[in-house]
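Below is one structure, written out as structure tokens; comments come after it.
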Amino acid sequence: MRLIVVKIGSSSLTSDEGGLNRERIGFFADEITSLIRSGAHVLLVTSGAVAAGFRAIGYTTRPKALHEKQAAAAVGQALLMQAYNQAFGLHNIPTAQILLTRYDFSNRRSVHNAQMTIDELLRRGVVPIINENDTVSVDELKFGDNDTLSALVANLCKAQQLDIITDTDGLYTADPRHHSDARRLDRIDAVTDEIFRIAGGAGSSVGTGGMRSKVEAARIAMRGGVPVFIGRVTEPGDLRAAVAGTGKGTYFETRQHSLSMKKQWLGFHSLPKGTVLVDSGAEAALRSGGKSLLPVGICEVEGDFHPGDVIEVINGERYPIGRGVSNYTSAQIRAVAGLSTDEVQKRVDVQRIEVIHRDEWVTLN
């Protein structure tokens, strides 16, 4: 069966003032049920916990401080799941709550367990409902928004499509509210700097993710071999149309194959312990030559790390190229950066001459 990941943002589930819009939740439950009845598995990534809870505990506007948002999420998550349970219950479809943090993805055992749990729920006809665990997340380990979470989940589960539901019908060349000549981009096959420029900035005051974060999520999903739809679902049948390729939005298509679990973890889930800056020759070898990273190509080292740690590799413009597992300590790399293989062997004692072997490497851009 096809697996579809559907991501719904706060602005689609709540009112501008906060609080759940149960009519909208019921509508989305109907749409997802229709998709399930057509033969698909559906995994739902939802926002809305903070927006649902902040008025219930006495805040007049969405809170800004971390502990206030976590308190609102603790209340709102229960309200959100209650609403989903009732809405899907009308269709006799059970639901399950899964709360994840960035740390869960960074730990290879945890992310494998999450995948096994999701697979079993889907086999049992349950709709897994995933949200970030806002109550325990800290700023430096947060996904930033559930758009990113939905892309990581889609890659993890090797979904056939990620549908990011928003309040606009796709990506336009300019803001259609202010530019009458704005044109919707119906199909995109590569997320370039120009696409990011077009995507612009923030969204509504209720949610946290604007169009730019959705485009970044599309980039992550595409890198994992998952095509993406970003658009509007407002009328009965819109979600099935989105999955069928005729939806009200923008389609991000990919020709890349799904990455292995190991490569996914390296590229998207791991938390790098340091950074190395490489020259243009090493960059070309890593990007398109299928080569390993040798000390001769390294110019700078940042951070304190050890063999087995994941490190990020950047180029001279400090743009991330990819990630890999280091065979050296940071001190060893500093001692031999820029040196030939013969010189390296004279100065340090390492298991492998490659700083990052190509089998332990994934290109991100």
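Naming scheme: A, B, ... for chains in displayed order of the structure tokens; residues 1 onward per chain; ligands 1 onward as shown.
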
Can you tell me, as a ChimeraX atom specification, which residues in region 13-188 of chain A count as alpha helix (DSSP H) by DSSP? /A:13,22-37,49-53,66-89,102-106,108-123,146-156

Do a neighbour search on Ala182 (chain A) at 8 Å with only C-alpha atoms, toss out local chain neighbours closer than 6 positions, and write the hits as an mmCIF file with N, CA and C atoms, in the first residue's frame.
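Heads up, here's the output in selection_33.cif:
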```
data_model
loop_
_atom_site.group_PDB
_atom_site.id
_atom_site.type_symbol
_atom_site.label_atom_id
_atom_site.label_comp_id
_atom_site.auth_asym_id
_atom_site.auth_seq_id
_atom_site.Cartn_x
_atom_site.Cartn_y
_atom_site.Cartn_z
ATOM 1 N N TYR A 172 4.374 30.982 -5.092
ATOM 2 C CA TYR A 172 4.236 31.956 -6.167
ATOM 3 C C TYR A 172 5.550 32.695 -6.386
ATOM 4 N N THR A 173 5.682 33.283 -7.575
ATOM 5 C CA THR A 173 6.878 34.066 -7.886
ATOM 6 C C THR A 173 6.950 35.344 -7.057
ATOM 7 N N ALA A 174 5.801 35.790 -6.524
ATOM 8 C CA ALA A 174 5.719 36.939 -5.624
ATOM 9 C C ALA A 174 4.453 36.775 -4.801
ATOM 10 N N ASP A 175 4.265 37.609 -3.791
ATOM 11 C CA ASP A 175 3.082 37.532 -2.946
ATOM 12 C C ASP A 175 1.861 37.922 -3.777
ATOM 13 N N PRO A 176 0.949 36.971 -4.047
ATOM 14 C CA PRO A 176 -0.208 37.282 -4.907
ATOM 15 C C PRO A 176 -1.165 38.291 -4.287
#
```

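Minimum atom-to-atom distance to Asp193 (chain A), evaluated using only C-alpha atoms, belongs to A:Glu216 out of A:Met211, A:Ala71, A:Arg55, A:Glu216.
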
Taking the backbone alone, and naming residues the way the document does, which bits of region 104-194 of chain A are strand (DSSP E) by DSSP, as a tab-separated table (two decimals) with all heavy atoms, in the first residue's frame?
```
chain	number	residue	atom	x	y	z
A	127	VAL	N	-4.08	5.32	12.62
A	127	VAL	CA	-3.45	6.53	12.08
A	127	VAL	C	-2.48	7.09	13.12
A	127	VAL	O	-2.90	7.59	14.16
A	127	VAL	CB	-4.50	7.60	11.74
A	127	VAL	CG1	-3.82	8.91	11.32
A	127	VAL	CG2	-5.42	7.12	10.62
A	128	PRO	N	-1.17	6.98	12.88
A	128	PRO	CA	-0.21	7.59	13.81
A	128	PRO	C	-0.27	9.12	13.67
A	128	PRO	O	-0.20	9.64	12.55
A	128	PRO	CB	1.14	7.04	13.34
A	128	PRO	CG	0.82	5.90	12.42
A	128	PRO	CD	-0.49	6.24	11.80
A	129	ILE	N	-0.40	9.80	14.78
A	129	ILE	CA	-0.44	11.26	14.79
A	129	ILE	C	0.81	11.75	15.50
A	129	ILE	O	0.99	11.53	16.70
A	129	ILE	CB	-1.72	11.79	15.45
A	129	ILE	CG1	-2.94	11.27	14.69
A	129	ILE	CG2	-1.71	13.31	15.51
A	129	ILE	CD1	-4.28	11.70	15.29
A	130	ILE	N	1.69	12.40	14.75
A	130	ILE	CA	3.01	12.77	15.25
A	130	ILE	C	3.09	14.28	15.47
A	130	ILE	O	2.62	15.07	14.66
A	130	ILE	CB	4.10	12.32	14.26
A	130	ILE	CG1	4.09	10.79	14.13
A	130	ILE	CG2	5.48	12.81	14.69
A	130	ILE	CD1	5.07	10.25	13.12
A	131	ASN	N	3.69	14.65	16.58
A	131	ASN	CA	3.95	16.05	16.88
A	131	ASN	C	5.29	16.14	17.58
A	131	ASN	O	5.79	15.14	18.12
A	131	ASN	CB	2.83	16.62	17.76
A	131	ASN	CG	2.79	18.15	17.75
A	131	ASN	OD1	3.64	18.81	17.16
A	131	ASN	ND2	1.79	18.70	18.41
A	132	GLU	N	5.89	17.32	17.56
A	132	GLU	CA	7.09	17.51	18.34
A	132	GLU	C	6.72	17.52	19.82
A	132	GLU	O	5.67	18.04	20.21
A	132	GLU	CB	7.79	18.81	17.98
A	132	GLU	CG	9.05	19.04	18.81
A	132	GLU	CD	9.95	20.14	18.27
A	132	GLU	OE1	9.50	20.88	17.38
A	132	GLU	OE2	11.08	20.25	18.74
A	161	GLN	N	4.75	9.98	-0.79
A	161	GLN	CA	4.52	11.41	-0.99
A	161	GLN	C	4.37	12.09	0.37
A	161	GLN	O	3.86	11.50	1.32
A	161	GLN	CB	3.27	11.67	-1.83
A	161	GLN	CG	3.02	13.14	-2.17
A	161	GLN	CD	1.85	13.33	-3.12
A	161	GLN	OE1	1.76	12.65	-4.14
A	161	GLN	NE2	0.96	14.23	-2.79
A	162	LEU	N	4.83	13.34	0.44
A	162	LEU	CA	4.60	14.20	1.60
A	162	LEU	C	3.71	15.34	1.15
A	162	LEU	O	4.03	16.06	0.20
A	162	LEU	CB	5.93	14.75	2.12
A	162	LEU	CG	5.85	15.90	3.14
A	162	LEU	CD1	5.10	15.50	4.40
A	162	LEU	CD2	7.24	16.41	3.48
A	163	ASP	N	2.57	15.50	1.84
A	163	ASP	CA	1.64	16.58	1.54
A	163	ASP	C	1.66	17.58	2.69
A	163	ASP	O	1.23	17.26	3.80
A	163	ASP	CB	0.23	16.04	1.34
A	163	ASP	CG	0.12	15.17	0.10
A	163	ASP	OD1	0.24	15.71	-1.01
A	163	ASP	OD2	-0.07	13.95	0.25
A	164	ILE	N	2.18	18.77	2.44
A	164	ILE	CA	2.25	19.83	3.45
A	164	ILE	C	1.09	20.78	3.19
A	164	ILE	O	1.08	21.51	2.19
A	164	ILE	CB	3.59	20.57	3.40
A	164	ILE	CG1	4.74	19.60	3.67
A	164	ILE	CG2	3.60	21.71	4.41
A	164	ILE	CD1	6.12	20.24	3.61
A	165	ILE	N	0.11	20.74	4.07
A	165	ILE	CA	-1.11	21.52	3.90
A	165	ILE	C	-0.93	22.90	4.53
A	165	ILE	O	-0.54	23.01	5.69
A	165	ILE	CB	-2.32	20.81	4.53
A	165	ILE	CG1	-2.40	19.35	4.06
A	165	ILE	CG2	-3.61	21.56	4.21
A	165	ILE	CD1	-2.38	19.16	2.58
A	187	ARG	N	5.28	23.09	-10.82
A	187	ARG	CA	6.21	21.96	-10.70
A	187	ARG	C	7.62	22.48	-10.49
A	187	ARG	O	8.08	23.37	-11.21
A	187	ARG	CB	6.18	21.11	-11.98
A	187	ARG	CG	4.81	20.62	-12.38
A	187	ARG	CD	4.42	19.35	-11.67
A	187	ARG	NE	3.00	19.04	-11.87
A	187	ARG	CZ	2.38	17.98	-11.38
A	187	ARG	NH1	3.07	17.10	-10.67
A	187	ARG	NH2	1.11	17.79	-11.58
A	188	ILE	N	8.30	21.91	-9.51
A	188	ILE	CA	9.68	22.28	-9.21
A	188	ILE	C	10.48	20.98	-9.07
A	188	ILE	O	10.07	20.08	-8.35
A	188	ILE	CB	9.76	23.10	-7.91
A	188	ILE	CG1	9.07	24.47	-8.10
A	188	ILE	CG2	11.22	23.31	-7.48
A	188	ILE	CD1	8.96	25.27	-6.83
```

If you count only C-alpha atoms, which residues fall within 12 Å of Gly267 (chain A), apart from same-chain ones fewer than 3 positions away, as JSON, numbers by chain? {"A": [105, 106, 152, 155, 156, 220, 221, 223, 224, 259, 260, 261, 262, 263, 264, 270, 271, 272, 310, 311, 312, 313, 320, 321, 322, 323, 324, 325, 360, 361, 362, 363, 364, 365]}

Residues of the last selection are to be written out with C-alpha atoms, as a PDB file, in the first residue's frame.
```
ATOM      1  CA  PHE A 105      16.200  11.232  15.645  1.00  0.00           C
ATOM      2  CA  SER A 106      19.844  11.782  16.572  1.00  0.00           C
ATOM      3  CA  LEU A 152      12.246  13.637   8.368  1.00  0.00           C
ATOM      4  CA  ASN A 155      12.147   9.940   4.699  1.00  0.00           C
ATOM      5  CA  LEU A 156      12.277   7.649   7.720  1.00  0.00           C
ATOM      6  CA  ILE A 220      14.988  17.468   2.777  1.00  0.00           C
ATOM      7  CA  ALA A 221      12.256  15.103   1.597  1.00  0.00           C
ATOM      8  CA  ARG A 223      16.963  14.444  -0.951  1.00  0.00           C
ATOM      9  CA  GLY A 224      15.519  11.293   0.608  1.00  0.00           C
ATOM     10  CA  LEU A 259      18.539   6.876   0.917  1.00  0.00           C
ATOM     11  CA  SER A 260      19.443   3.916   3.107  1.00  0.00           C
ATOM     12  CA  MET A 261      18.605   4.221   6.801  1.00  0.00           C
ATOM     13  CA  LYS A 262      22.281   4.731   7.568  1.00  0.00           C
ATOM     14  CA  LYS A 263      22.620   7.575   5.047  1.00  0.00           C
ATOM     15  CA  GLN A 264      19.368   9.153   6.250  1.00  0.00           C
ATOM     16  CA  SER A 270      22.550  13.088  13.403  1.00  0.00           C
ATOM     17  CA  LEU A 271      23.850  16.030  15.438  1.00  0.00           C
ATOM     18  CA  PRO A 272      27.345  16.990  14.176  1.00  0.00           C
ATOM     19  CA  VAL A 310      29.535  12.836  12.954  1.00  0.00           C
ATOM     20  CA  ILE A 311      31.043  16.020  11.538  1.00  0.00           C
ATOM     21  CA  GLU A 312      29.789  18.519   8.989  1.00  0.00           C
ATOM     22  CA  VAL A 313      31.851  19.492   5.952  1.00  0.00           C
ATOM     23  CA  PRO A 320      27.363  22.884   4.032  1.00  0.00           C
ATOM     24  CA  ILE A 321      28.354  20.153   1.576  1.00  0.00           C
ATOM     25  CA  GLY A 322      27.466  17.096   3.638  1.00  0.00           C
ATOM     26  CA  ARG A 323      28.166  15.025   6.732  1.00  0.00           C
ATOM     27  CA  GLY A 324      30.165  11.968   7.607  1.00  0.00           C
ATOM     28  CA  VAL A 325      31.672   9.881  10.372  1.00  0.00           C
ATOM     29  CA  GLU A 360      30.353   6.925   5.884  1.00  0.00           C
ATOM     30  CA  TRP A 361      29.468  10.073   3.922  1.00  0.00           C
ATOM     31  CA  VAL A 362      26.290  11.695   2.576  1.00  0.00           C
ATOM     32  CA  THR A 363      26.092  14.761   0.337  1.00  0.00           C
ATOM     33  CA  LEU A 364      23.375  17.208   1.377  1.00  0.00           C
ATOM     34  CA  ASN A 365      23.322  19.695  -1.510  1.00  0.00           C
TER      35      ASN A 365
END
```

Write out as number ranges by chain the residues lying within 9 Å of Ala78 (chain A), counting only C-alpha atoms and excluding same-chain residues fewer than 4 positions away. A: 49, 53, 73-74, 82-83

Within 12 Å of Ala285 (chain A), counting only C-alpha atoms, which residues show up once you throw out same-chain ones fewer than 2 positions away? Write them as a PyMOL selection string, please. chain A and resi 278-283+287-294+297+321+357-358+361+363

Distance criterion (only C-alpha atoms): nearest to Arg2 (chain A) out of A:Ala244, A:Leu286, A:Ala151, A:Val348: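 Using only C-alpha atoms, Arg2 (chain A) sits closest to A:Ala244.
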
For Arg212 (chain A), which residue out of A:Glu317, A:Cys157, A:Asp147, A:Gly231 is the nearest one, using only C-alpha atoms? A:Asp147

Calculate how many Å separate CA of Val126 (chain A) from CA of Val42 (chain A), rounding to one decimal. 8.9 Å

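Using only C-alpha atoms, the smallest distance between any of A:Arg62, A:Ile198, A:Ala96, A:Val5 and Val228 (chain A) comes from A:Val5.
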